[in-house]
Each structure stands twice: as structure tokens, then as C-alpha cells.
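File shown here: upload.cif, holding mmCIF, C-alpha atoms.
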```cif
data_model
#
loop_
_atom_site.label_atom_id
_atom_site.label_comp_id
_atom_site.auth_asym_id
_atom_site.auth_seq_id
_atom_site.Cartn_x
_atom_site.Cartn_y
_atom_site.Cartn_z
CA MET A 902 -54.80 -30.87 14.80
CA SER A 903 -57.47 -28.27 15.43
CA ASP A 904 -56.30 -26.04 12.56
CA TYR A 905 -57.12 -28.63 9.93
CA ALA A 906 -60.21 -28.22 7.78
CA HIS A 907 -61.77 -31.36 9.24
CA PRO A 908 -60.03 -32.09 12.55
CA GLU A 909 -62.78 -34.54 13.41
CA ALA A 910 -61.32 -36.95 10.85
CA LEU A 911 -58.22 -37.50 13.01
CA VAL A 912 -57.77 -38.88 16.50
CA SER A 913 -54.65 -39.00 18.61
CA THR A 914 -53.20 -42.13 20.19
CA GLU A 915 -54.22 -40.71 23.55
CA TRP A 916 -57.83 -40.38 22.33
CA VAL A 917 -57.72 -44.04 21.35
CA VAL A 918 -56.50 -45.04 24.82
CA GLN A 919 -59.47 -43.22 26.31
CA HIS A 920 -61.93 -44.99 23.98
CA LEU A 921 -60.59 -48.56 24.05
CA LYS A 922 -63.72 -49.78 25.82
CA ASP A 923 -66.17 -47.46 24.07
CA PRO A 924 -68.80 -49.76 22.55
CA ASN A 925 -69.53 -47.30 19.75
CA VAL A 926 -65.91 -47.18 18.58
CA ARG A 927 -64.51 -49.90 16.35
CA MET A 928 -60.74 -49.94 15.96
CA ILE A 929 -59.47 -51.47 12.73
CA GLU A 930 -55.87 -52.09 11.68
CA VAL A 931 -55.11 -52.09 7.96
CA ASP A 932 -51.48 -52.80 7.08
CA VAL A 933 -49.40 -52.93 3.95
CA ASP A 934 -47.65 -55.88 5.55
CA THR A 935 -50.63 -58.01 6.50
CA SER A 936 -48.58 -60.05 8.97
CA ALA A 937 -48.01 -57.04 11.24
CA TYR A 938 -51.33 -57.32 13.09
CA ALA A 939 -50.56 -60.79 14.42
CA GLN A 940 -47.40 -59.51 16.10
CA GLY A 941 -49.44 -57.23 18.31
CA HIS A 942 -52.12 -54.62 17.78
CA VAL A 943 -54.17 -52.00 19.59
CA PRO A 944 -56.26 -53.91 22.17
CA GLY A 945 -59.68 -54.69 20.77
CA ALA A 946 -58.75 -53.85 17.19
CA ILE A 947 -59.69 -56.15 14.37
CA ALA A 948 -57.78 -56.32 11.08
CA TRP A 949 -58.80 -55.88 7.49
CA ASN A 950 -56.60 -57.43 4.84
CA TRP A 951 -56.34 -55.04 1.91
CA THR A 952 -55.53 -57.80 -0.56
CA THR A 953 -58.61 -59.89 0.19
CA GLN A 954 -61.12 -57.68 2.00
CA LEU A 955 -60.68 -54.21 0.54
CA SER A 956 -60.37 -54.86 -3.16
CA ASP A 957 -61.80 -56.99 -5.91
CA GLY A 958 -58.74 -58.76 -7.22
CA ILE A 959 -60.49 -60.22 -10.25
CA ARG A 960 -61.97 -57.01 -11.62
CA ARG A 961 -59.17 -54.89 -10.17
CA ASP A 962 -61.64 -52.66 -8.48
CA ILE A 963 -62.71 -51.39 -5.10
CA LEU A 964 -65.27 -53.42 -3.18
CA SER A 965 -68.73 -53.71 -4.62
CA LYS A 966 -71.51 -52.18 -2.55
CA ALA A 967 -72.69 -55.65 -1.53
CA ASP A 968 -69.20 -56.74 -0.48
CA PHE A 969 -68.71 -53.51 1.45
CA GLU A 970 -71.98 -54.06 3.31
CA ARG A 971 -70.94 -57.63 4.08
CA LEU A 972 -67.61 -56.42 5.48
CA MET A 973 -69.36 -53.86 7.69
CA ASN A 974 -71.75 -56.51 9.03
CA GLU A 975 -68.98 -59.05 9.66
CA SER A 976 -67.00 -56.35 11.47
CA GLY A 977 -69.90 -55.44 13.73
CA ILE A 978 -70.18 -51.97 12.25
CA ARG A 979 -73.47 -50.15 12.22
CA PRO A 980 -74.15 -46.86 10.39
CA GLU A 981 -73.68 -44.91 13.62
CA THR A 982 -70.42 -46.65 14.61
CA THR A 983 -67.31 -44.51 14.95
CA VAL A 984 -64.67 -46.34 12.93
CA VAL A 985 -61.03 -45.54 13.71
CA LEU A 986 -58.53 -46.83 11.18
CA TYR A 987 -54.79 -47.14 11.62
CA GLY A 988 -51.96 -49.14 10.13
CA ASP A 989 -48.33 -49.42 9.19
CA SER A 990 -46.47 -47.22 6.70
CA ASN A 991 -48.02 -44.12 8.26
CA ASN A 992 -51.56 -45.28 7.50
CA TRP A 993 -51.27 -46.00 3.76
CA PHE A 994 -53.89 -48.70 3.62
CA ALA A 995 -55.79 -47.25 6.54
CA ALA A 996 -56.29 -44.25 4.28
CA TRP A 997 -57.27 -46.60 1.46
CA ALA A 998 -59.97 -48.09 3.73
CA PHE A 999 -61.01 -44.58 4.84
CA TRP A 1000 -61.43 -43.58 1.18
CA GLN A 1001 -63.65 -46.57 0.44
CA MET A 1002 -65.74 -46.00 3.55
CA LYS A 1003 -66.38 -42.45 2.36
CA ILE A 1004 -67.19 -43.69 -1.14
CA TYR A 1005 -69.91 -45.83 0.41
CA GLY A 1006 -71.09 -43.07 2.72
CA HIS A 1007 -70.05 -44.14 6.22
CA LYS A 1008 -70.46 -41.01 8.28
CA ASP A 1009 -67.98 -41.23 11.13
CA VAL A 1010 -64.58 -42.54 10.01
CA ARG A 1011 -61.30 -41.33 11.47
CA LEU A 1012 -57.60 -42.03 11.19
CA MET A 1013 -55.37 -42.50 14.22
CA ASN A 1014 -52.72 -39.85 13.66
CA GLY A 1015 -49.30 -41.49 13.36
CA GLY A 1016 -50.71 -44.96 12.85
CA ARG A 1017 -49.15 -48.15 14.12
CA LYS A 1018 -45.66 -46.63 14.24
CA LYS A 1019 -46.62 -43.94 16.74
CA TRP A 1020 -48.57 -46.34 18.92
CA ILE A 1021 -45.56 -48.67 19.19
CA SER A 1022 -42.94 -45.94 19.54
CA GLU A 1023 -44.90 -44.56 22.49
CA GLY A 1024 -44.70 -47.96 24.17
CA ARG A 1025 -48.44 -48.44 24.31
CA GLU A 1026 -50.15 -51.73 25.02
CA LEU A 1027 -50.19 -54.36 22.27
CA ASP A 1028 -52.50 -57.35 22.22
CA THR A 1029 -52.04 -60.54 20.23
CA GLN A 1030 -55.54 -61.90 20.72
CA THR A 1031 -57.93 -61.50 17.82
CA PRO A 1032 -61.30 -60.26 19.00
CA ALA A 1033 -64.44 -61.67 17.42
CA PRO A 1034 -66.89 -58.80 17.06
CA THR A 1035 -70.57 -59.54 17.26
CA PRO A 1036 -71.73 -59.25 13.66
CA SER A 1037 -74.27 -56.61 12.82
CA SER A 1038 -76.94 -57.01 10.19
CA GLY A 1039 -78.68 -54.92 7.62
CA TYR A 1040 -75.91 -52.37 7.06
CA GLN A 1041 -76.99 -50.32 4.08
CA ALA A 1042 -74.30 -48.42 2.23
CA SER A 1043 -74.91 -45.47 -0.05
CA GLU A 1044 -74.44 -45.87 -3.75
CA ALA A 1045 -70.77 -45.41 -4.63
CA GLU A 1046 -69.77 -41.73 -4.53
CA ASN A 1047 -67.54 -41.75 -7.58
CA SER A 1048 -66.71 -38.05 -7.28
CA LEU A 1049 -64.01 -39.21 -4.85
CA ARG A 1050 -62.46 -41.42 -7.49
CA ALA A 1051 -60.66 -40.52 -10.73
CA PHE A 1052 -61.03 -42.70 -13.79
CA LEU A 1053 -58.78 -42.71 -16.82
CA PRO A 1054 -60.73 -40.17 -18.96
CA GLN A 1055 -60.66 -37.64 -16.13
CA VAL A 1056 -56.94 -38.12 -15.69
CA GLN A 1057 -56.33 -37.73 -19.41
CA ASN A 1058 -58.35 -34.53 -19.30
CA ALA A 1059 -56.33 -33.27 -16.36
CA SER A 1060 -53.09 -34.07 -18.15
CA GLU A 1061 -54.01 -32.60 -21.52
CA LYS A 1062 -56.12 -29.60 -20.50
CA ALA A 1063 -54.91 -28.83 -16.97
CA ALA A 1064 -58.45 -29.50 -15.77
CA ALA A 1065 -57.11 -30.53 -12.37
CA ALA A 1066 -53.87 -30.39 -10.45
CA LEU A 1067 -52.24 -33.78 -10.94
CA ILE A 1068 -50.13 -34.88 -7.99
CA ASP A 1069 -47.74 -37.82 -8.30
CA VAL A 1070 -47.06 -39.02 -4.75
CA ARG A 1071 -44.55 -41.77 -5.55
CA SER A 1072 -40.86 -41.52 -4.79
CA PRO A 1073 -38.76 -39.15 -6.90
CA GLN A 1074 -37.08 -42.15 -8.57
CA GLU A 1075 -40.40 -43.62 -9.64
CA TYR A 1076 -41.56 -40.22 -10.87
CA SER A 1077 -38.46 -39.68 -12.96
CA GLY A 1078 -38.59 -43.17 -14.46
CA GLU A 1079 -35.37 -44.34 -12.86
CA ILE A 1080 -37.16 -47.30 -11.29
CA LEU A 1081 -40.43 -49.05 -12.14
CA ALA A 1082 -41.54 -49.88 -8.61
CA PRO A 1083 -40.59 -48.92 -5.06
CA PRO A 1084 -37.15 -50.35 -4.23
CA GLY A 1085 -37.44 -54.03 -3.37
CA LEU A 1086 -40.99 -54.47 -4.65
CA PRO A 1087 -42.04 -56.26 -7.85
CA GLU A 1088 -42.19 -54.26 -11.06
CA THR A 1089 -45.80 -53.97 -12.17
CA CYS A 1090 -45.61 -51.73 -15.21
CA GLN A 1091 -44.05 -51.74 -18.63
CA ARG A 1092 -42.34 -48.37 -18.45
CA GLY A 1093 -41.22 -45.70 -16.06
CA GLY A 1094 -41.96 -42.01 -15.79
CA HIS A 1095 -44.98 -39.94 -14.92
CA ILE A 1096 -48.21 -38.62 -16.36
CA PRO A 1097 -47.52 -35.43 -18.33
CA ALA A 1098 -48.30 -32.30 -16.27
CA ALA A 1099 -48.16 -34.20 -12.98
CA ARG A 1100 -46.15 -32.59 -10.19
CA SER A 1101 -44.08 -34.64 -7.78
CA VAL A 1102 -45.01 -34.44 -4.12
CA PRO A 1103 -43.93 -37.69 -2.44
CA TRP A 1104 -46.58 -38.73 0.07
CA GLY A 1105 -44.14 -38.81 2.99
CA LEU A 1106 -43.49 -35.08 2.77
CA ALA A 1107 -46.88 -34.65 4.47
CA CYS A 1108 -45.65 -36.48 7.58
CA ASN A 1109 -43.46 -35.75 10.56
CA ASP A 1110 -40.81 -38.25 11.62
CA ASP A 1111 -43.20 -39.75 14.17
CA GLY A 1112 -45.74 -40.51 11.46
CA THR A 1113 -48.19 -37.75 12.34
CA PHE A 1114 -49.32 -35.21 9.79
CA LYS A 1115 -47.44 -31.94 9.47
CA PRO A 1116 -49.07 -28.70 10.61
CA LEU A 1117 -51.57 -27.02 8.33
CA ALA A 1118 -49.29 -24.15 7.27
CA GLU A 1119 -46.56 -26.56 6.14
CA LEU A 1120 -49.05 -28.65 4.19
CA GLN A 1121 -50.48 -25.55 2.53
CA ALA A 1122 -47.01 -24.47 1.45
CA LEU A 1123 -46.06 -27.94 0.24
CA TYR A 1124 -49.11 -28.50 -1.95
CA GLY A 1125 -49.48 -24.87 -2.93
CA GLU A 1126 -46.08 -25.07 -4.61
CA ALA A 1127 -47.38 -28.01 -6.59
CA GLY A 1128 -50.35 -26.12 -7.97
CA VAL A 1129 -53.05 -27.22 -5.55
CA GLU A 1130 -55.38 -24.28 -5.13
CA GLU A 1131 -58.64 -23.67 -3.33
CA GLY A 1132 -61.43 -24.14 -5.83
CA LYS A 1133 -59.37 -26.09 -8.35
CA PRO A 1134 -59.90 -29.84 -8.66
CA ALA A 1135 -57.00 -32.10 -7.73
CA ILE A 1136 -56.17 -35.70 -8.55
CA ALA A 1137 -53.61 -37.77 -6.64
CA TYR A 1138 -52.01 -40.93 -7.97
CA CYS A 1139 -49.22 -43.35 -7.09
CA ARG A 1140 -48.63 -46.94 -8.25
CA ILE A 1141 -51.74 -48.81 -7.09
CA GLY A 1142 -53.72 -46.12 -5.29
CA GLU A 1143 -52.90 -46.61 -1.62
CA ARG A 1144 -50.19 -43.97 -1.18
CA SER A 1145 -52.38 -41.58 -3.13
CA SER A 1146 -55.33 -42.25 -0.83
CA HIS A 1147 -53.04 -40.98 1.96
CA THR A 1148 -52.47 -37.75 0.00
CA TRP A 1149 -56.16 -37.64 -0.93
CA PHE A 1150 -56.93 -37.61 2.81
CA VAL A 1151 -54.45 -34.79 3.39
CA LEU A 1152 -55.86 -32.64 0.61
CA LYS A 1153 -59.52 -33.23 1.40
CA TYR A 1154 -59.64 -33.49 5.19
CA LEU A 1155 -56.64 -31.51 6.37
CA LEU A 1156 -56.44 -28.78 3.71
CA GLY A 1157 -60.14 -28.78 2.85
CA VAL A 1158 -59.83 -28.93 -0.94
CA LYS A 1159 -63.38 -29.71 -2.01
CA ASP A 1160 -62.85 -31.62 -5.24
CA VAL A 1161 -60.10 -34.18 -4.73
CA LYS A 1162 -60.04 -37.54 -6.41
CA ASN A 1163 -57.89 -40.58 -5.86
CA TYR A 1164 -56.80 -42.18 -9.14
CA ASP A 1165 -56.62 -45.78 -7.95
CA GLY A 1166 -55.72 -47.04 -11.42
CA SER A 1167 -52.55 -45.01 -10.89
CA TRP A 1168 -49.27 -45.89 -12.56
CA THR A 1169 -50.13 -49.58 -12.95
CA GLU A 1170 -52.88 -48.42 -15.31
CA TRP A 1171 -51.23 -45.46 -17.04
CA GLY A 1172 -47.80 -47.08 -17.23
CA ASN A 1173 -49.21 -50.10 -19.03
CA LEU A 1174 -51.49 -48.34 -21.52
CA VAL A 1175 -50.76 -48.41 -25.22
CA GLY A 1176 -50.24 -45.09 -26.94
CA VAL A 1177 -50.45 -42.62 -24.07
CA PRO A 1178 -47.73 -40.03 -23.44
CA VAL A 1179 -45.25 -40.39 -20.61
CA GLU A 1180 -42.79 -37.85 -19.31
CA ARG A 1181 -39.45 -38.74 -17.78
CA GLY A 1182 -37.07 -36.81 -15.63
CA ALA A 1183 -37.44 -34.72 -12.51
CA GLY A 1184 -40.14 -32.50 -14.00
CA LYS A 1185 -41.11 -29.00 -12.91
CA LYS A 1186 -40.88 -29.61 -9.21
CA SER A 1187 -37.49 -30.68 -8.00
CA ALA A 1188 -37.66 -34.13 -6.55
CA LYS A 1189 -37.11 -34.15 -2.84
CA GLY A 1190 -36.47 -37.14 -0.63
CA VAL A 1191 -39.07 -38.31 1.80
CA SER A 1192 -38.51 -36.89 5.22
CA MET B 49 -47.61 -56.38 26.64
CA LYS B 50 -45.92 -53.11 25.95
CA PRO B 51 -43.17 -52.66 23.39
CA GLN B 52 -39.84 -51.74 24.92
CA GLU B 53 -36.33 -50.84 23.80
CA TYR B 54 -37.76 -49.15 20.71
CA SER B 55 -35.13 -47.93 18.27
CA GLU B 56 -35.02 -46.55 14.74
CA ARG B 57 -32.16 -45.79 12.39
CA ASN B 58 -31.44 -45.17 8.73
CA LEU B 59 -28.75 -47.01 6.81
CA GLU B 60 -27.88 -47.97 3.27
CA VAL B 61 -28.42 -51.47 1.92
CA ALA B 62 -27.56 -52.54 -1.62
CA GLY B 63 -27.32 -48.89 -2.59
CA TRP B 64 -30.74 -47.94 -1.24
CA PRO B 65 -31.73 -46.15 1.94
CA VAL B 66 -33.37 -48.42 4.49
CA HIS B 67 -35.16 -47.54 7.70
CA LEU B 68 -34.75 -50.12 10.45
CA THR B 69 -37.11 -50.25 13.41
CA THR B 70 -36.64 -52.67 16.30
CA TYR B 71 -38.45 -53.22 19.57
CA ARG B 72 -38.84 -55.91 22.20
CA LEU B 73 -42.21 -57.42 22.96
CA GLY B 74 -42.05 -59.85 25.83
CA ASP B 75 -38.97 -61.99 25.31
CA LYS B 76 -38.78 -61.52 21.54
CA PHE B 77 -37.27 -58.79 19.42
CA HIS B 78 -39.13 -57.60 16.32
CA SER B 79 -37.35 -55.83 13.51
CA ILE B 80 -38.85 -54.13 10.46
CA ALA B 81 -36.84 -52.93 7.47
CA ASP B 82 -38.57 -50.57 5.09
CA ASN B 83 -37.47 -48.63 2.08
CA VAL B 84 -37.30 -45.02 3.21
CA SER B 85 -38.94 -43.74 0.08
CA PRO B 86 -41.71 -44.74 -0.30
CA GLY B 87 -41.76 -46.48 3.08
CA ALA B 88 -43.01 -49.96 2.28
CA CYS B 89 -42.05 -52.85 4.51
CA LEU B 90 -39.37 -55.06 3.02
CA ALA B 91 -38.82 -57.43 5.90
CA ARG B 92 -40.33 -58.21 9.27
CA THR B 93 -38.43 -60.58 11.51
CA THR B 94 -38.60 -61.95 15.04
CA ALA B 95 -35.69 -63.33 17.06
CA ASP B 96 -34.40 -63.82 20.57
CA THR B 97 -31.92 -60.94 20.37
CA LYS B 98 -31.94 -57.51 18.82
CA GLU B 99 -28.82 -58.26 16.80
CA GLU B 100 -30.31 -61.43 15.38
CA ALA B 101 -33.62 -59.81 14.45
CA GLU B 102 -31.90 -56.88 12.75
CA ALA B 103 -29.43 -59.08 10.89
CA GLN B 104 -32.25 -61.22 9.50
CA ALA B 105 -34.28 -58.18 8.47
CA LEU B 106 -31.34 -56.55 6.74
CA ALA B 107 -30.41 -59.77 4.95
CA LYS B 108 -33.91 -60.15 3.57
CA ALA B 109 -34.08 -56.48 2.62
CA GLU B 110 -30.77 -56.77 0.82
CA ARG B 111 -32.02 -59.71 -1.25
CA LEU B 112 -35.07 -57.73 -2.35
CA LEU B 113 -33.29 -54.45 -2.95
CA ALA B 114 -30.56 -56.10 -5.01
CA ARG B 115 -33.23 -56.99 -7.60
CA THR B 116 -34.28 -53.38 -8.14
CA ARG B 117 -33.32 -52.23 -11.62
CA ARG B 118 -32.28 -48.67 -12.34
CA ILE B 119 -33.64 -47.95 -15.81
CA LEU B 120 -32.26 -44.50 -16.51
#
```
Just dump the structure as C-alpha cells.
Amino acid sequence: MSDYAHPEALVSTEWVVQHLKDPNVRMIEVDVDTSAYAQGHVPGAIAWNWTTQLSDGIRRDILSKADFERLMNESGIRPETTVVLYGDSNNWFAAWAFWQMKIYGHKDVRLMNGGRKKWISEGRELDTQTPAPTPSSGYQASEAENSLRAFLPQVQNASEKAAAALIDVRSPQEYSGEILAPPGLPETCQRGGHIPAARSVPWGLACNDDGTFKPLAELQALYGEAGVEEGKPAIAYCRIGERSSHTWFVLKYLLGVKDVKNYDGSWTEWGNLVGVPVERGAGKKSAKGVS
Amino acid sequence: MKPQEYSERNLEVAGWPVHLTTYRLGDKFHSIADNVSPGACLARTTADTKEEAEAQALAKAERLLARTRRIL
């Protein structure tokens, strides 16, 4: 992990074991499947539900600054707290939470490398009790740092003028337009395909079989082939923005690309717009399966 | 409690690749079926035996995957 641009943004499962009783560390599980936590979690960890606590379902937006501050206070998080996030699906929504914490300026946020899968596969202790953290008060977030977030006009500019490397992190079948949603999940768009000029790099190609991130050299080769270059802006997107926050983390914190944005509108925005171009087929980069 | 008897395997269900993870926690077996690409959980089940937990997870996954339309 030490080769990464920001190794401090990752902790190992062993590091977590050594800090389970550290009062300045708050462990938080964020799962795609929000029922996973109740079946057993890292001792002392609390859970955030991405559907109710990490998004504004009415506006279809990230948390407001006030709601973010409320969540931090309810979770007993102070500005100096070290927050370690982990979850299922190799940290998809843990990365989504990480992204929002950086948008609102929390200084010390980390991902547990390998997430819930690695913790369980290593046979580590699971707890079914839900801790009740002592709430904090007066947490003050920064104003939203929207340079971490791509909005539609920026994505259109990237598509039309190659202003940024556009990375589609969905499965090859979603990218090509063969399917409208991940297999088994509800269809949430009117049409299939990808944003013109986007290159396909499925999120899972950044991970080893045990859920941890691949070594730096492999990540550099993977994203370099897709047009990600030092000094050139990059935008990652998927269907609703959680898989792309995983890739956003890889590009920004492991590879050190300075200007990386997560397009959280993603395909559920672009794929439902009237009058915007869509490409179909495998595109420039041959679609590979997720390892 | 510590998870034990952890196992993972890939198989095909309703024409789609599925990743099946199972482990025992205490006296219960937990099974999770996810779609390999992109990796989202399709089913999470709990039962008294490994076979039962896996059968329930695969049955639920099959119901969901069978609804997936191939457009092209």
C-alpha cells in the first residue's frame, strides 16, 4: 500500500484490529445491501444506510451541509476523528461515503482495504450488537467542494471536446447497451449504451480477488490504457454514482490524479435525457470481464 | 463470534455469472449471491445448513436474474 499516492487513505484489516478500542477512531459500515450489518459487523462499528442517511432522495442529491453535520454529530464524529469506512461489494458505498466526507472537508477519512469481504474471509470477529455512540455537537463542515463532483455540463464538455478522460466503470454489458441495469437489478433508464467518448474500465478491474486494491503499477497500466494521464482531468461514472466513487477513490488517492470528479448523476441521468447522443457497442477499449 | 467454514465459488444462474459466498456464524449458515459483474448482492440468506442457505440464495438470485432483459 505504501506505493500509492496517498497510502494514508487506506488501512488494512490488521490495522483495524489494532485500533478497535481507539477512542479517536470511528468505524462505519456502509453496505449496498443494508441488511448485511445486522448479520455481524466489525466490533464497535456503526452503520450508515446509503438510501436514507447518505443521499437526499427527494432532490436526488448528496446530503446537504446541514444534514451532513447532523449525521456527523449523531455518529459521535468530531473534526479530528479518524473515520474508517468499509462495506460490502468491495467498498462501493463506503467509497460513496468517503467521497461525501471529502466534499464536506473531513480531514481524516480512510477505507479498510478489502472491505467487509476481506474481514469475513479472514475469519475475524463479528459483532451483532449495535453500539450507541455518544453524540457530538457543533460539527462544522466546510462548504461543499464541488470540484470533486461532475455535473451534466462538465460531462457534456468532456464528451464533446475531450476536456477530460471519461471513464465508464459499469459492466461491459451495461456499457455496450446490451442490458439497462446490472443483472438482477431494476432497470432505471430509458435506453442502453454509454456516453460518447467514454472508455470502459469496469470498477472491479481495480481489485484483487480478496477485495483489496491492485498494486500501483497494475492500476497505472489499467487506467493509462483508458486515457487517464497525469495532469489531465478525469471523470468517472456508472449508473447511480456509487461504483464510480470507488473508481474516483482509486484515481485520486491511489494514482494521485489531481483533478478527478465523480459524476453521480451517471447513467440514470444521461440515459434518461432527451436529445443527447448515446453510443452503443464495445467502444474503443475492448470490454473485459470483472476479475 | 468468528465466521467459519468460509467458501466462495462462481457458477452460472439463468445465463448469468453468479458469485456465491457462504460462511457459518455460530449455528447458522449465511449465504450471499452476487452478480459477478458488477458485484451487487442479489440475495442474502440464513439457514441451519450450508446446503439450505445456498439453495435459498440461488433460488432468489435466479428469480431476479431471469427478469434481466438483453436489449441488443
Item to complete: Pull out every residue of chain A that has at least one atom within 7 Å of chain B, counting all atoms listed in the file, and report them as a VMD selection string.
Response: chain A and resid 934 990 1021 to 1022 1024 to 1028 1071 to 1072 1078 to 1080 1083 to 1085 1191
Same residues, C-alpha atoms, saved as a PDB file, in the coordinates of the input:
```pdb
ATOM      1  CA  ASP A 934     -47.650 -55.880   5.550  1.00  0.00           C
ATOM      2  CA  SER A 990     -46.470 -47.220   6.700  1.00  0.00           C
ATOM      3  CA  ILE A1021     -45.560 -48.670  19.190  1.00  0.00           C
ATOM      4  CA  SER A1022     -42.940 -45.940  19.540  1.00  0.00           C
ATOM      5  CA  GLY A1024     -44.700 -47.960  24.170  1.00  0.00           C
ATOM      6  CA  ARG A1025     -48.440 -48.440  24.310  1.00  0.00           C
ATOM      7  CA  GLU A1026     -50.150 -51.730  25.020  1.00  0.00           C
ATOM      8  CA  LEU A1027     -50.190 -54.360  22.270  1.00  0.00           C
ATOM      9  CA  ASP A1028     -52.500 -57.350  22.220  1.00  0.00           C
ATOM     10  CA  ARG A1071     -44.550 -41.770  -5.550  1.00  0.00           C
ATOM     11  CA  SER A1072     -40.860 -41.520  -4.790  1.00  0.00           C
ATOM     12  CA  GLY A1078     -38.590 -43.170 -14.460  1.00  0.00           C
ATOM     13  CA  GLU A1079     -35.370 -44.340 -12.860  1.00  0.00           C
ATOM     14  CA  ILE A1080     -37.160 -47.300 -11.290  1.00  0.00           C
ATOM     15  CA  PRO A1083     -40.590 -48.920  -5.060  1.00  0.00           C
ATOM     16  CA  PRO A1084     -37.150 -50.350  -4.230  1.00  0.00           C
ATOM     17  CA  GLY A1085     -37.440 -54.030  -3.370  1.00  0.00           C
ATOM     18  CA  VAL A1191     -39.070 -38.310   1.800  1.00  0.00           C
TER      19      VAL A1191
END
```
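The gap separating atom CA of Gly1142 of chain A from atom CA of Gly1093 of chain A is 16.5 Å, in Å to one decimal.
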Neighbours of point (-68.8, -55.6, 16.3) within 12 Å, using all atoms listed in the file, written as a tab-separated table (two decimals) with C-alpha atoms, in the coordinates of the input:
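Output file part-v3.tsv follows:
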```tsv
chain	number	residue	atom	x	y	z
A	923	ASP	CA	-66.17	-47.46	24.07
A	924	PRO	CA	-68.80	-49.76	22.55
A	925	ASN	CA	-69.53	-47.30	19.75
A	926	VAL	CA	-65.91	-47.18	18.58
A	927	ARG	CA	-64.51	-49.90	16.35
A	928	MET	CA	-60.74	-49.94	15.96
A	929	ILE	CA	-59.47	-51.47	12.73
A	945	GLY	CA	-59.68	-54.69	20.77
A	946	ALA	CA	-58.75	-53.85	17.19
A	947	ILE	CA	-59.69	-56.15	14.37
A	972	LEU	CA	-67.61	-56.42	5.48
A	973	MET	CA	-69.36	-53.86	7.69
A	974	ASN	CA	-71.75	-56.51	9.03
A	975	GLU	CA	-68.98	-59.05	9.66
A	976	SER	CA	-67.00	-56.35	11.47
A	977	GLY	CA	-69.90	-55.44	13.73
A	978	ILE	CA	-70.18	-51.97	12.25
A	979	ARG	CA	-73.47	-50.15	12.22
A	980	PRO	CA	-74.15	-46.86	10.39
A	982	THR	CA	-70.42	-46.65	14.61
A	983	THR	CA	-67.31	-44.51	14.95
A	984	VAL	CA	-64.67	-46.34	12.93
A	1032	PRO	CA	-61.30	-60.26	19.00
A	1033	ALA	CA	-64.44	-61.67	17.42
A	1034	PRO	CA	-66.89	-58.80	17.06
A	1035	THR	CA	-70.57	-59.54	17.26
A	1036	PRO	CA	-71.73	-59.25	13.66
A	1037	SER	CA	-74.27	-56.61	12.82
A	1038	SER	CA	-76.94	-57.01	10.19
```
Discussion item. For Glu99 of chain B, find every residue with an atom within 10 Å (counting only C-alpha atoms), except residues of its own chain fewer than 4 positions away, and show them as a PyMOL selection string.
Written reply: chain B and resi 70+77+79+95+103-105
Would you save the residues of that selection, restricted to C-alpha atoms, as a PDB file, keeping the file's coordinate frame?
```pdb
ATOM      1  CA  THR B  70     -36.640 -52.670  16.300  1.00  0.00           C
ATOM      2  CA  PHE B  77     -37.270 -58.790  19.420  1.00  0.00           C
ATOM      3  CA  SER B  79     -37.350 -55.830  13.510  1.00  0.00           C
ATOM      4  CA  ALA B  95     -35.690 -63.330  17.060  1.00  0.00           C
ATOM      5  CA  ALA B 103     -29.430 -59.080  10.890  1.00  0.00           C
ATOM      6  CA  GLN B 104     -32.250 -61.220   9.500  1.00  0.00           C
ATOM      7  CA  ALA B 105     -34.280 -58.180   8.470  1.00  0.00           C
TER       8      ALA B 105
END
```
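What separates atom CA of Ser1060 of chain A from atom CA of Ile1096 of chain A is a distance of 6.9 Å.
Picture a line from atom CA of Val1102 of chain A to atom CA of Val1070 of chain A; it runs 5.1 Å.
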Within 12 Å of Ala1045 of chain A using all atoms listed in the file, minus same-chain residues under 5 positions, as a PDB file with C-alpha atoms, keeping the file's coordinate frame:
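After the write, selection_24.pdb holds the following:
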```pdb
ATOM      1  CA  ILE A 963     -62.710 -51.390  -5.100  1.00  0.00           C
ATOM      2  CA  LEU A 964     -65.270 -53.420  -3.180  1.00  0.00           C
ATOM      3  CA  SER A 965     -68.730 -53.710  -4.620  1.00  0.00           C
ATOM      4  CA  LYS A 966     -71.510 -52.180  -2.550  1.00  0.00           C
ATOM      5  CA  ALA A 967     -72.690 -55.650  -1.530  1.00  0.00           C
ATOM      6  CA  PHE A 969     -68.710 -53.510   1.450  1.00  0.00           C
ATOM      7  CA  GLU A 970     -71.980 -54.060   3.310  1.00  0.00           C
ATOM      8  CA  TRP A1000     -61.430 -43.580   1.180  1.00  0.00           C
ATOM      9  CA  GLN A1001     -63.650 -46.570   0.440  1.00  0.00           C
ATOM     10  CA  MET A1002     -65.740 -46.000   3.550  1.00  0.00           C
ATOM     11  CA  LYS A1003     -66.380 -42.450   2.360  1.00  0.00           C
ATOM     12  CA  ILE A1004     -67.190 -43.690  -1.140  1.00  0.00           C
ATOM     13  CA  TYR A1005     -69.910 -45.830   0.410  1.00  0.00           C
ATOM     14  CA  GLY A1006     -71.090 -43.070   2.720  1.00  0.00           C
ATOM     15  CA  HIS A1007     -70.050 -44.140   6.220  1.00  0.00           C
ATOM     16  CA  ARG A1050     -62.460 -41.420  -7.490  1.00  0.00           C
TER      17      ARG A1050
END
```
Can we get segment 113-120 of chain B of that structure written down with N, CA, C and O atoms, as a compact mmCIF listing (two decimals), in the first residue's frame?
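Final output, decode.txt:
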```txt
# COMPACT_ATOMS: atom_id res chain seq x y z
N LEU B 113 -32.48 -12.69 -11.70
CA LEU B 113 -31.71 -12.69 -12.95
C LEU B 113 -32.57 -13.04 -14.16
O LEU B 113 -32.32 -12.56 -15.26
N ALA B 114 -33.59 -13.85 -13.93
CA ALA B 114 -34.46 -14.24 -15.05
C ALA B 114 -35.21 -13.05 -15.63
O ALA B 114 -35.67 -13.08 -16.77
N ARG B 115 -35.31 -11.96 -14.84
CA ARG B 115 -36.03 -10.77 -15.32
C ARG B 115 -35.15 -9.85 -16.17
O ARG B 115 -35.64 -8.89 -16.74
N THR B 116 -33.86 -10.12 -16.18
CA THR B 116 -32.94 -9.21 -16.87
C THR B 116 -33.09 -9.34 -18.38
O THR B 116 -32.93 -10.43 -18.93
N ARG B 117 -33.41 -8.22 -19.02
CA ARG B 117 -33.61 -8.23 -20.47
C ARG B 117 -32.29 -7.95 -21.19
O ARG B 117 -31.54 -7.06 -20.81
N ARG B 118 -32.04 -8.71 -22.24
CA ARG B 118 -30.92 -8.39 -23.12
C ARG B 118 -31.49 -7.60 -24.28
O ARG B 118 -32.32 -8.11 -25.05
N ILE B 119 -31.06 -6.36 -24.41
CA ILE B 119 -31.64 -5.46 -25.41
C ILE B 119 -31.04 -5.68 -26.79
O ILE B 119 -31.74 -5.66 -27.80
N LEU B 120 -29.75 -5.84 -26.85
CA LEU B 120 -29.08 -5.94 -28.16
C LEU B 120 -29.00 -7.38 -28.63
O LEU B 120 -28.89 -8.28 -27.83
```
